[in-house]
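J.: Below is one structure. I have some questions about it.
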Amino acid sequence: MRVALAEELGGVDSVELGERPDPAPAAGQALVRVHGAGVGPWDVGFLSGGFPGVALPFVPGQEVAGVVEAAGDGAGVQPGDRVYASLFPAGGGFAELALALADRLAPMPGRLGFAEAAGLVIGGGTAYEGLVDKGRLKAGETVLITAAAGGVGSAAVQIAAAVGARPLGVASPANHDYLRSLGASEVLHYHAADWVQQVRAAVPGGVDLLLDGAGGQTRDEALGAVRDSGRAIFIVLQSTPAQLERGITGESFAAHVNRQRLEQLGRLADAGTLRPQVEAVLSLEQARDALTRVAGRHTRGKIVLQIGQ
């Protein structure tokens, strides 16, 4: 099978096209013929050595959509099924064939194409876990979402609106109309000196929940927009900020995308309340270009590789 792989962890530039033997599914695994593979900052992180224990050669790609080619005992799917899956942390998605664990895959939402479904897996799964499972967001509440135009943020704005909450987004001005089209009630520019005061003016007393995917200064400033005794959820950070004041409770997490969460996303997608936002669809031969664009941290929604179509 054709793959894009790295023989050593030397960053994005270490990725080359190559050939690998076709894998075979063991018990509890499905062999998926990949038609769409999402490209995310986690792929850049793996290639840069940011995750320990990576086996070489390494095939990036942690989220795929495609058709089951073969299934091991207990996989819960049959050849011909259209599925989407998280491959985290083993990777392997930048390939014509990939192995997916039974508890990390689910039937693909019927309303989505392969590229859209692949782009929903980790971004959507992270947004859902952060907002609903950990953030306990409820109808009528307000939520401030940083890095709102990215893959996680684009899904988070829609999920928040779908549960009946009021989402506010933080993004560069070029993405403000885009985020309003997804359901954001207010959009703030993180370089504006008074953006936190703007949130406070829009939501007197402060927002109920912060979902932060930006980190750093933006994260620390955003805490000032949370109400007393509010909640804050931080994505892929090593720890919560050193001090959470005014009774604010906080938690940092890295997403765990399983079958149940994928099924929840699928219901929202099939209801038309969650639509993956795909900025570009590139070929497997353009894997390095796709990774470079994601590494620049200015993509709107997702970049996806189209494979085997």
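In the structure tokens, the first chain shown is A, the next is B, and so on; residue numbers restart at 1 for each chain, and ligands run from 1 in the order shown.
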Would you mind writing down, as a PDB file with N, CA, C and O atoms, in the first residue's frame, each residue of segment 64-266 of chain A that DSSP on the backbone assigns to helix (DSSP H, G or I)?

T.:
ATOM      1  N   ALA A 102     -11.914  -1.570  17.466  1.00  0.00           N
ATOM      2  CA  ALA A 102     -13.378  -1.616  17.476  1.00  0.00           C
ATOM      3  C   ALA A 102     -13.980  -0.520  18.348  1.00  0.00           C
ATOM      4  O   ALA A 102     -15.035   0.033  18.017  1.00  0.00           O
ATOM      5  N   ASP A 103     -13.322  -0.187  19.472  1.00  0.00           N
ATOM      6  CA  ASP A 103     -13.896   0.810  20.373  1.00  0.00           C
ATOM      7  C   ASP A 103     -13.529   2.236  19.987  1.00  0.00           C
ATOM      8  O   ASP A 103     -13.856   3.177  20.702  1.00  0.00           O
ATOM      9  N   ARG A 104     -12.868   2.404  18.834  1.00  0.00           N
ATOM     10  CA  ARG A 104     -12.504   3.742  18.357  1.00  0.00           C
ATOM     11  C   ARG A 104     -13.111   4.042  16.984  1.00  0.00           C
ATOM     12  O   ARG A 104     -12.686   4.990  16.338  1.00  0.00           O
ATOM     13  N   PHE A 114     -16.633  11.413   2.816  1.00  0.00           N
ATOM     14  CA  PHE A 114     -15.474  10.878   3.531  1.00  0.00           C
ATOM     15  C   PHE A 114     -14.577  11.981   4.079  1.00  0.00           C
ATOM     16  O   PHE A 114     -14.087  11.885   5.205  1.00  0.00           O
ATOM     17  N   ALA A 115     -14.340  13.022   3.296  1.00  0.00           N
ATOM     18  CA  ALA A 115     -13.464  14.103   3.761  1.00  0.00           C
ATOM     19  C   ALA A 115     -14.056  14.797   4.976  1.00  0.00           C
ATOM     20  O   ALA A 115     -13.353  15.086   5.955  1.00  0.00           O
ATOM     21  N   GLU A 116     -15.360  15.070   4.935  1.00  0.00           N
ATOM     22  CA  GLU A 116     -16.002  15.730   6.076  1.00  0.00           C
ATOM     23  C   GLU A 116     -15.947  14.851   7.321  1.00  0.00           C
ATOM     24  O   GLU A 116     -15.642  15.322   8.420  1.00  0.00           O
ATOM     25  N   ALA A 117     -16.252  13.569   7.152  1.00  0.00           N
ATOM     26  CA  ALA A 117     -16.262  12.671   8.308  1.00  0.00           C
ATOM     27  C   ALA A 117     -14.878  12.538   8.922  1.00  0.00           C
ATOM     28  O   ALA A 117     -14.721  12.562  10.148  1.00  0.00           O
ATOM     29  N   ALA A 118     -13.854  12.410   8.082  1.00  0.00           N
ATOM     30  CA  ALA A 118     -12.490  12.296   8.609  1.00  0.00           C
ATOM     31  C   ALA A 118     -12.100  13.542   9.389  1.00  0.00           C
ATOM     32  O   ALA A 118     -11.435  13.461  10.424  1.00  0.00           O
ATOM     33  N   GLY A 119     -12.532  14.700   8.909  1.00  0.00           N
ATOM     34  CA  GLY A 119     -12.184  15.948   9.572  1.00  0.00           C
ATOM     35  C   GLY A 119     -12.941  16.207  10.853  1.00  0.00           C
ATOM     36  O   GLY A 119     -12.620  17.144  11.586  1.00  0.00           O
ATOM     37  N   LEU A 120     -13.923  15.375  11.156  1.00  0.00           N
ATOM     38  CA  LEU A 120     -14.742  15.575  12.345  1.00  0.00           C
ATOM     39  C   LEU A 120     -14.237  14.799  13.557  1.00  0.00           C
ATOM     40  O   LEU A 120     -14.541  15.152  14.694  1.00  0.00           O
ATOM     41  N   VAL A 121     -13.451  13.757  13.328  1.00  0.00           N
ATOM     42  CA  VAL A 121     -13.168  12.767  14.365  1.00  0.00           C
ATOM     43  C   VAL A 121     -12.559  13.389  15.624  1.00  0.00           C
ATOM     44  O   VAL A 121     -13.165  13.358  16.706  1.00  0.00           O
ATOM     45  N   ILE A 122     -11.350  13.916  15.525  1.00  0.00           N
ATOM     46  CA  ILE A 122     -10.665  14.398  16.731  1.00  0.00           C
ATOM     47  C   ILE A 122     -11.110  15.809  17.094  1.00  0.00           C
ATOM     48  O   ILE A 122     -11.341  16.119  18.268  1.00  0.00           O
ATOM     49  N   GLY A 123     -11.248  16.687  16.090  1.00  0.00           N
ATOM     50  CA  GLY A 123     -11.720  18.036  16.392  1.00  0.00           C
ATOM     51  C   GLY A 123     -13.099  18.014  17.027  1.00  0.00           C
ATOM     52  O   GLY A 123     -13.338  18.634  18.070  1.00  0.00           O
ATOM     53  N   GLY A 124     -14.015  17.286  16.416  1.00  0.00           N
ATOM     54  CA  GLY A 124     -15.365  17.180  16.962  1.00  0.00           C
ATOM     55  C   GLY A 124     -15.397  16.432  18.278  1.00  0.00           C
ATOM     56  O   GLY A 124     -16.101  16.824  19.218  1.00  0.00           O
ATOM     57  N   GLY A 125     -14.622  15.349  18.355  1.00  0.00           N
ATOM     58  CA  GLY A 125     -14.589  14.578  19.593  1.00  0.00           C
ATOM     59  C   GLY A 125     -14.030  15.370  20.758  1.00  0.00           C
ATOM     60  O   GLY A 125     -14.529  15.299  21.884  1.00  0.00           O
ATOM     61  N   THR A 126     -12.999  16.160  20.492  1.00  0.00           N
ATOM     62  CA  THR A 126     -12.414  17.011  21.533  1.00  0.00           C
ATOM     63  C   THR A 126     -13.404  18.076  21.980  1.00  0.00           C
ATOM     64  O   THR A 126     -13.576  18.333  23.180  1.00  0.00           O
ATOM     65  N   ALA A 127     -14.054  18.704  21.006  1.00  0.00           N
ATOM     66  CA  ALA A 127     -15.021  19.752  21.337  1.00  0.00           C
ATOM     67  C   ALA A 127     -16.168  19.189  22.170  1.00  0.00           C
ATOM     68  O   ALA A 127     -16.594  19.800  23.161  1.00  0.00           O
ATOM     69  N   TYR A 128     -16.682  18.030  21.786  1.00  0.00           N
ATOM     70  CA  TYR A 128     -17.809  17.429  22.512  1.00  0.00           C
ATOM     71  C   TYR A 128     -17.391  17.054  23.935  1.00  0.00           C
ATOM     72  O   TYR A 128     -18.108  17.349  24.898  1.00  0.00           O
ATOM     73  N   GLU A 129     -16.241  16.424  24.058  1.00  0.00           N
ATOM     74  CA  GLU A 129     -15.791  16.013  25.391  1.00  0.00           C
ATOM     75  C   GLU A 129     -15.574  17.226  26.287  1.00  0.00           C
ATOM     76  O   GLU A 129     -15.956  17.233  27.457  1.00  0.00           O
ATOM     77  N   GLY A 130     -14.938  18.275  25.715  1.00  0.00           N
ATOM     78  CA  GLY A 130     -14.660  19.455  26.517  1.00  0.00           C
ATOM     79  C   GLY A 130     -15.907  20.200  26.938  1.00  0.00           C
ATOM     80  O   GLY A 130     -16.027  20.632  28.093  1.00  0.00           O
ATOM     81  N   LEU A 131     -16.844  20.359  26.022  1.00  0.00           N
ATOM     82  CA  LEU A 131     -18.047  21.134  26.320  1.00  0.00           C
ATOM     83  C   LEU A 131     -19.067  20.351  27.138  1.00  0.00           C
ATOM     84  O   LEU A 131     -19.586  20.847  28.145  1.00  0.00           O
ATOM     85  N   VAL A 132     -19.378  19.147  26.694  1.00  0.00           N
ATOM     86  CA  VAL A 132     -20.515  18.410  27.251  1.00  0.00           C
ATOM     87  C   VAL A 132     -20.091  17.501  28.404  1.00  0.00           C
ATOM     88  O   VAL A 132     -20.670  17.546  29.494  1.00  0.00           O
ATOM     89  N   ASP A 133     -19.080  16.667  28.159  1.00  0.00           N
ATOM     90  CA  ASP A 133     -18.710  15.676  29.171  1.00  0.00           C
ATOM     91  C   ASP A 133     -17.954  16.301  30.345  1.00  0.00           C
ATOM     92  O   ASP A 133     -18.233  15.989  31.501  1.00  0.00           O
ATOM     93  N   LYS A 134     -17.001  17.168  30.060  1.00  0.00           N
ATOM     94  CA  LYS A 134     -16.209  17.774  31.131  1.00  0.00           C
ATOM     95  C   LYS A 134     -16.739  19.148  31.536  1.00  0.00           C
ATOM     96  O   LYS A 134     -16.753  19.488  32.715  1.00  0.00           O
ATOM     97  N   GLY A 151     -10.023  23.539  13.887  1.00  0.00           N
ATOM     98  CA  GLY A 151     -10.836  22.327  13.777  1.00  0.00           C
ATOM     99  C   GLY A 151     -11.664  22.049  15.018  1.00  0.00           C
ATOM    100  O   GLY A 151     -12.842  21.713  14.926  1.00  0.00           O
ATOM    101  N   VAL A 152     -11.055  22.185  16.201  1.00  0.00           N
ATOM    102  CA  VAL A 152     -11.798  21.988  17.443  1.00  0.00           C
ATOM    103  C   VAL A 152     -12.792  23.118  17.651  1.00  0.00           C
ATOM    104  O   VAL A 152     -13.967  22.896  17.946  1.00  0.00           O
ATOM    105  N   GLY A 153     -12.336  24.348  17.486  1.00  0.00           N
ATOM    106  CA  GLY A 153     -13.195  25.501  17.732  1.00  0.00           C
ATOM    107  C   GLY A 153     -14.391  25.563  16.816  1.00  0.00           C
ATOM    108  O   GLY A 153     -15.506  25.883  17.252  1.00  0.00           O
ATOM    109  N   SER A 154     -14.202  25.259  15.538  1.00  0.00           N
ATOM    110  CA  SER A 154     -15.317  25.289  14.583  1.00  0.00           C
ATOM    111  C   SER A 154     -16.406  24.303  14.976  1.00  0.00           C
ATOM    112  O   SER A 154     -17.605  24.596  14.850  1.00  0.00           O
ATOM    113  N   ALA A 155     -15.984  23.128  15.456  1.00  0.00           N
ATOM    114  CA  ALA A 155     -16.965  22.153  15.932  1.00  0.00           C
ATOM    115  C   ALA A 155     -17.578  22.603  17.243  1.00  0.00           C
ATOM    116  O   ALA A 155     -18.791  22.440  17.470  1.00  0.00           O
ATOM    117  N   ALA A 156     -16.783  23.206  18.128  1.00  0.00           N
ATOM    118  CA  ALA A 156     -17.275  23.613  19.448  1.00  0.00           C
ATOM    119  C   ALA A 156     -18.370  24.665  19.338  1.00  0.00           C
ATOM    120  O   ALA A 156     -19.371  24.613  20.076  1.00  0.00           O
ATOM    121  N   VAL A 157     -18.196  25.641  18.451  1.00  0.00           N
ATOM    122  CA  VAL A 157     -19.226  26.668  18.278  1.00  0.00           C
ATOM    123  C   VAL A 157     -20.548  26.023  17.893  1.00  0.00           C
ATOM    124  O   VAL A 157     -21.616  26.352  18.440  1.00  0.00           O
ATOM    125  N   GLN A 158     -20.506  25.072  16.966  1.00  0.00           N
ATOM    126  CA  GLN A 158     -21.736  24.421  16.508  1.00  0.00           C
ATOM    127  C   GLN A 158     -22.345  23.519  17.585  1.00  0.00           C
ATOM    128  O   GLN A 158     -23.565  23.490  17.757  1.00  0.00           O
ATOM    129  N   ILE A 159     -21.509  22.789  18.302  1.00  0.00           N
ATOM    130  CA  ILE A 159     -22.016  21.907  19.351  1.00  0.00           C
ATOM    131  C   ILE A 159     -22.652  22.714  20.464  1.00  0.00           C
ATOM    132  O   ILE A 159     -23.719  22.360  20.984  1.00  0.00           O
ATOM    133  N   ALA A 160     -22.015  23.822  20.845  1.00  0.00           N
ATOM    134  CA  ALA A 160     -22.588  24.674  21.886  1.00  0.00           C
ATOM    135  C   ALA A 160     -23.963  25.190  21.468  1.00  0.00           C
ATOM    136  O   ALA A 160     -24.921  25.181  22.254  1.00  0.00           O
ATOM    137  N   ALA A 161     -24.067  25.646  20.225  1.00  0.00           N
ATOM    138  CA  ALA A 161     -25.357  26.124  19.732  1.00  0.00           C
ATOM    139  C   ALA A 161     -26.376  24.992  19.697  1.00  0.00           C
ATOM    140  O   ALA A 161     -27.559  25.200  20.002  1.00  0.00           O
ATOM    141  N   ALA A 162     -25.934  23.786  19.350  1.00  0.00           N
ATOM    142  CA  ALA A 162     -26.849  22.650  19.236  1.00  0.00           C
ATOM    143  C   ALA A 162     -27.453  22.254  20.579  1.00  0.00           C
ATOM    144  O   ALA A 162     -28.592  21.774  20.629  1.00  0.00           O
ATOM    145  N   PRO A 173      -9.754  38.767  13.022  1.00  0.00           N
ATOM    146  CA  PRO A 173     -10.887  39.421  12.352  1.00  0.00           C
ATOM    147  C   PRO A 173     -11.325  38.744  11.055  1.00  0.00           C
ATOM    148  O   PRO A 173     -12.511  38.755  10.728  1.00  0.00           O
ATOM    149  N   ALA A 174     -10.388  38.139  10.323  1.00  0.00           N
ATOM    150  CA  ALA A 174     -10.736  37.490   9.058  1.00  0.00           C
ATOM    151  C   ALA A 174     -11.718  36.339   9.251  1.00  0.00           C
ATOM    152  O   ALA A 174     -12.402  35.936   8.303  1.00  0.00           O
ATOM    153  N   ASN A 175     -11.813  35.817  10.476  1.00  0.00           N
ATOM    154  CA  ASN A 175     -12.686  34.667  10.741  1.00  0.00           C
ATOM    155  C   ASN A 175     -13.972  35.035  11.479  1.00  0.00           C
ATOM    156  O   ASN A 175     -14.739  34.142  11.842  1.00  0.00           O
ATOM    157  N   HIS A 176     -14.228  36.312  11.693  1.00  0.00           N
ATOM    158  CA  HIS A 176     -15.387  36.699  12.496  1.00  0.00           C
ATOM    159  C   HIS A 176     -16.705  36.358  11.798  1.00  0.00           C
ATOM    160  O   HIS A 176     -17.609  35.780  12.416  1.00  0.00           O
ATOM    161  N   ASP A 177     -16.838  36.696  10.528  1.00  0.00           N
ATOM    162  CA  ASP A 177     -18.082  36.374   9.821  1.00  0.00           C
ATOM    163  C   ASP A 177     -18.257  34.865   9.705  1.00  0.00           C
ATOM    164  O   ASP A 177     -19.387  34.356   9.811  1.00  0.00           O
ATOM    165  N   TYR A 178     -17.162  34.168   9.488  1.00  0.00           N
ATOM    166  CA  TYR A 178     -17.204  32.703   9.417  1.00  0.00           C
ATOM    167  C   TYR A 178     -17.777  32.115  10.707  1.00  0.00           C
ATOM    168  O   TYR A 178     -18.673  31.261  10.679  1.00  0.00           O
ATOM    169  N   LEU A 179     -17.311  32.588  11.850  1.00  0.00           N
ATOM    170  CA  LEU A 179     -17.780  32.045  13.115  1.00  0.00           C
ATOM    171  C   LEU A 179     -19.227  32.432  13.400  1.00  0.00           C
ATOM    172  O   LEU A 179     -19.990  31.639  13.969  1.00  0.00           O
ATOM    173  N   ARG A 180     -19.613  33.622  13.005  1.00  0.00           N
ATOM    174  CA  ARG A 180     -21.028  33.991  13.157  1.00  0.00           C
ATOM    175  C   ARG A 180     -21.907  33.073  12.319  1.00  0.00           C
ATOM    176  O   ARG A 180     -23.021  32.714  12.736  1.00  0.00           O
ATOM    177  N   SER A 181     -21.428  32.670  11.152  1.00  0.00           N
ATOM    178  CA  SER A 181     -22.211  31.761  10.300  1.00  0.00           C
ATOM    179  C   SER A 181     -22.379  30.387  10.927  1.00  0.00           C
ATOM    180  O   SER A 181     -23.318  29.658  10.599  1.00  0.00           O
ATOM    181  N   LEU A 182     -21.469  30.033  11.850  1.00  0.00           N
ATOM    182  CA  LEU A 182     -21.571  28.745  12.547  1.00  0.00           C
ATOM    183  C   LEU A 182     -22.443  28.826  13.794  1.00  0.00           C
ATOM    184  O   LEU A 182     -22.753  27.787  14.383  1.00  0.00           O
ATOM    185  N   TRP A 195     -10.581  43.178  24.683  1.00  0.00           N
ATOM    186  CA  TRP A 195     -11.488  42.120  24.239  1.00  0.00           C
ATOM    187  C   TRP A 195     -12.193  41.432  25.404  1.00  0.00           C
ATOM    188  O   TRP A 195     -13.360  41.028  25.286  1.00  0.00           O
ATOM    189  N   VAL A 196     -11.528  41.315  26.546  1.00  0.00           N
ATOM    190  CA  VAL A 196     -12.193  40.705  27.707  1.00  0.00           C
ATOM    191  C   VAL A 196     -13.316  41.609  28.203  1.00  0.00           C
ATOM    192  O   VAL A 196     -14.399  41.126  28.572  1.00  0.00           O
ATOM    193  N   GLN A 197     -13.097  42.913  28.184  1.00  0.00           N
ATOM    194  CA  GLN A 197     -14.145  43.850  28.577  1.00  0.00           C
ATOM    195  C   GLN A 197     -15.327  43.777  27.612  1.00  0.00           C
ATOM    196  O   GLN A 197     -16.483  43.928  28.010  1.00  0.00           O
ATOM    197  N   GLN A 198     -15.032  43.501  26.330  1.00  0.00           N
ATOM    198  CA  GLN A 198     -16.100  43.333  25.347  1.00  0.00           C
ATOM    199  C   GLN A 198     -16.962  42.109  25.678  1.00  0.00           C
ATOM    200  O   GLN A 198     -18.181  42.139  25.536  1.00  0.00           O
ATOM    201  N   VAL A 199     -16.309  41.044  26.129  1.00  0.00           N
ATOM    202  CA  VAL A 199     -17.069  39.857  26.556  1.00  0.00           C
ATOM    203  C   VAL A 199     -17.943  40.206  27.745  1.00  0.00           C
ATOM    204  O   VAL A 199     -19.141  39.862  27.792  1.00  0.00           O
ATOM    205  N   ARG A 200     -17.376  40.896  28.692  1.00  0.00           N
ATOM    206  CA  ARG A 200     -18.119  41.271  29.904  1.00  0.00           C
ATOM    207  C   ARG A 200     -19.294  42.195  29.576  1.00  0.00           C
ATOM    208  O   ARG A 200     -20.335  42.130  30.236  1.00  0.00           O
ATOM    209  N   ALA A 201     -19.119  43.034  28.553  1.00  0.00           N
ATOM    210  CA  ALA A 201     -20.230  43.894  28.143  1.00  0.00           C
ATOM    211  C   ALA A 201     -21.337  43.090  27.488  1.00  0.00           C
ATOM    212  O   ALA A 201     -22.532  43.361  27.678  1.00  0.00           O
ATOM    213  N   ALA A 202     -20.949  42.061  26.722  1.00  0.00           N
ATOM    214  CA  ALA A 202     -21.942  41.224  26.047  1.00  0.00           C
ATOM    215  C   ALA A 202     -22.619  40.258  27.011  1.00  0.00           C
ATOM    216  O   ALA A 202     -23.799  39.905  26.833  1.00  0.00           O
ATOM    217  N   GLY A 216      -1.391  29.943  26.652  1.00  0.00           N
ATOM    218  CA  GLY A 216      -0.592  31.154  26.762  1.00  0.00           C
ATOM    219  C   GLY A 216      -1.365  32.368  27.231  1.00  0.00           C
ATOM    220  O   GLY A 216      -2.264  32.280  28.077  1.00  0.00           O
ATOM    221  N   GLN A 217      -1.011  33.507  26.653  1.00  0.00           N
ATOM    222  CA  GLN A 217      -1.595  34.774  27.078  1.00  0.00           C
ATOM    223  C   GLN A 217      -3.094  34.821  26.826  1.00  0.00           C
ATOM    224  O   GLN A 217      -3.854  35.338  27.662  1.00  0.00           O
ATOM    225  N   THR A 218      -3.541  34.291  25.685  1.00  0.00           N
ATOM    226  CA  THR A 218      -4.975  34.304  25.387  1.00  0.00           C
ATOM    227  C   THR A 218      -5.754  33.535  26.444  1.00  0.00           C
ATOM    228  O   THR A 218      -6.799  33.981  26.923  1.00  0.00           O
ATOM    229  N   ARG A 219      -5.250  32.374  26.834  1.00  0.00           N
ATOM    230  CA  ARG A 219      -5.892  31.590  27.899  1.00  0.00           C
ATOM    231  C   ARG A 219      -5.981  32.381  29.195  1.00  0.00           C
ATOM    232  O   ARG A 219      -7.046  32.445  29.833  1.00  0.00           O
ATOM    233  N   ASP A 220      -4.866  32.987  29.581  1.00  0.00           N
ATOM    234  CA  ASP A 220      -4.840  33.696  30.861  1.00  0.00           C
ATOM    235  C   ASP A 220      -5.778  34.903  30.846  1.00  0.00           C
ATOM    236  O   ASP A 220      -6.465  35.190  31.835  1.00  0.00           O
ATOM    237  N   GLU A 221      -5.825  35.626  29.721  1.00  0.00           N
ATOM    238  CA  GLU A 221      -6.747  36.751  29.616  1.00  0.00           C
ATOM    239  C   GLU A 221      -8.192  36.270  29.613  1.00  0.00           C
ATOM    240  O   GLU A 221      -9.069  36.899  30.222  1.00  0.00           O
ATOM    241  N   ALA A 222      -8.459  35.158  28.935  1.00  0.00           N
ATOM    242  CA  ALA A 222      -9.826  34.659  28.825  1.00  0.00           C
ATOM    243  C   ALA A 222     -10.423  34.306  30.175  1.00  0.00           C
ATOM    244  O   ALA A 222     -11.645  34.405  30.373  1.00  0.00           O
ATOM    245  N   LEU A 223      -9.591  33.913  31.121  1.00  0.00           N
ATOM    246  CA  LEU A 223     -10.108  33.603  32.457  1.00  0.00           C
ATOM    247  C   LEU A 223     -10.784  34.812  33.090  1.00  0.00           C
ATOM    248  O   LEU A 223     -11.691  34.669  33.909  1.00  0.00           O
ATOM    249  N   GLY A 224     -10.359  36.007  32.684  1.00  0.00           N
ATOM    250  CA  GLY A 224     -10.983  37.213  33.204  1.00  0.00           C
ATOM    251  C   GLY A 224     -12.406  37.412  32.716  1.00  0.00           C
ATOM    252  O   GLY A 224     -13.142  38.246  33.268  1.00  0.00           O
ATOM    253  N   ALA A 225     -12.807  36.655  31.695  1.00  0.00           N
ATOM    254  CA  ALA A 225     -14.171  36.754  31.169  1.00  0.00           C
ATOM    255  C   ALA A 225     -15.112  35.736  31.799  1.00  0.00           C
ATOM    256  O   ALA A 225     -16.313  35.730  31.500  1.00  0.00           O
ATOM    257  N   ARG A 259     -15.941   5.042  20.502  1.00  0.00           N
ATOM    258  CA  ARG A 259     -17.127   4.766  19.689  1.00  0.00           C
ATOM    259  C   ARG A 259     -18.337   5.578  20.157  1.00  0.00           C
ATOM    260  O   ARG A 259     -19.065   6.156  19.340  1.00  0.00           O
ATOM    261  N   GLN A 260     -18.535   5.655  21.461  1.00  0.00           N
ATOM    262  CA  GLN A 260     -19.689   6.379  21.981  1.00  0.00           C
ATOM    263  C   GLN A 260     -19.657   7.840  21.561  1.00  0.00           C
ATOM    264  O   GLN A 260     -20.665   8.402  21.136  1.00  0.00           O
ATOM    265  N   ARG A 261     -18.475   8.459  21.650  1.00  0.00           N
ATOM    266  CA  ARG A 261     -18.389   9.870  21.292  1.00  0.00           C
ATOM    267  C   ARG A 261     -18.589  10.069  19.795  1.00  0.00           C
ATOM    268  O   ARG A 261     -19.217  11.040  19.350  1.00  0.00           O
ATOM    269  N   LEU A 262     -18.072   9.156  18.989  1.00  0.00           N
ATOM    270  CA  LEU A 262     -18.286   9.237  17.545  1.00  0.00           C
ATOM    271  C   LEU A 262     -19.775   9.072  17.199  1.00  0.00           C
ATOM    272  O   LEU A 262     -20.283   9.736  16.295  1.00  0.00           O
ATOM    273  N   GLU A 263     -20.457   8.202  17.920  1.00  0.00           N
ATOM    274  CA  GLU A 263     -21.896   8.039  17.681  1.00  0.00           C
ATOM    275  C   GLU A 263     -22.651   9.316  18.053  1.00  0.00           C
ATOM    276  O   GLU A 263     -23.603   9.708  17.368  1.00  0.00           O
ATOM    277  N   GLN A 264     -22.220   9.979  19.136  1.00  0.00           N
ATOM    278  CA  GLN A 264     -22.859  11.241  19.521  1.00  0.00           C
ATOM    279  C   GLN A 264     -22.654  12.314  18.454  1.00  0.00           C
ATOM    280  O   GLN A 264     -23.583  13.046  18.088  1.00  0.00           O
ATOM    281  N   LEU A 265     -21.434  12.390  17.917  1.00  0.00           N
ATOM    282  CA  LEU A 265     -21.162  13.333  16.838  1.00  0.00           C
ATOM    283  C   LEU A 265     -21.989  12.999  15.603  1.00  0.00           C
ATOM    284  O   LEU A 265     -22.495  13.890  14.915  1.00  0.00           O
ATOM    285  N   GLY A 266     -22.111  11.709  15.329  1.00  0.00           N
ATOM    286  CA  GLY A 266     -22.885  11.287  14.167  1.00  0.00           C
ATOM    287  C   GLY A 266     -24.344  11.700  14.251  1.00  0.00           C
ATOM    288  O   GLY A 266     -24.943  12.107  13.242  1.00  0.00           O
TER     289      GLY A 266
END

J.: Arg293 of chain A: which residues within 10 Å, counting only C-alpha atoms, same-chain residues fewer than 5 positions away excluded, as a list in words?

T.: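 Result of the neighbour search: Val39, Gly40, Pro41, Ala287, Arg288, His298, Thr299 and Ile303 of chain A.
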
J.: May I have the residues within 8 Å of segment 76-90 of chain A as a ChimeraX atom specification, using only C-alpha atoms and disregarding those fewer than 6 positions away in the same chain?

T.: /A:28,30,54,61-70,99-102,104-108,117-118,121-122,257-258,262

J.: Out of segment 47-183 of chain A, which residues get strand (DSSP E) from DSSP, as a ChimeraX atom specification?

T.: /A:63-71,82-86,97-101,105-107,142-145,166-170

J.: Neighbouring residues of Gly72 of chain A were defined as those with any atom within 6 Å, considering only C-alpha atoms; residues of the same chain fewer than 6 positions away were excluded. Please report them as a list in words.

T.: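 The contact residues come out as Pro25, Ala26, Ala27, Gly28 and Gln29 of chain A.
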
J.: The selected residues should be written to file as an mmCIF file, in the first residue's frame (atoms: C-alpha atoms).

T.:
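The file below, part-v7.cif, is the result:
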data_model
loop_
_atom_site.group_PDB
_atom_site.id
_atom_site.type_symbol
_atom_site.label_atom_id
_atom_site.label_comp_id
_atom_site.auth_asym_id
_atom_site.auth_seq_id
_atom_site.Cartn_x
_atom_site.Cartn_y
_atom_site.Cartn_z
ATOM 1 C CA PRO A 25 -6.666 -7.063 11.239
ATOM 2 C CA ALA A 26 -6.346 -8.929 14.516
ATOM 3 C CA ALA A 27 -9.236 -9.621 16.873
ATOM 4 C CA GLY A 28 -11.007 -6.391 17.783
ATOM 5 C CA GLN A 29 -9.648 -4.551 14.751
#

J.: With only C-alpha atoms as the basis for distance, which of A:Arg227, A:Met1, A:His35, A:Ala171 is at the shortest distance from Pro23 of chain A?

T.: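 With only C-alpha atoms as the atom set, the closest residue is A:Met1.
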
J.: So what do you get for atom CA of Ala55 of chain A versus atom CA of Gly10 of chain A, distance-wise?

T.: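 We find that atom CA of Ala55 of chain A and atom CA of Gly10 of chain A lie 13.5 Å from each other.
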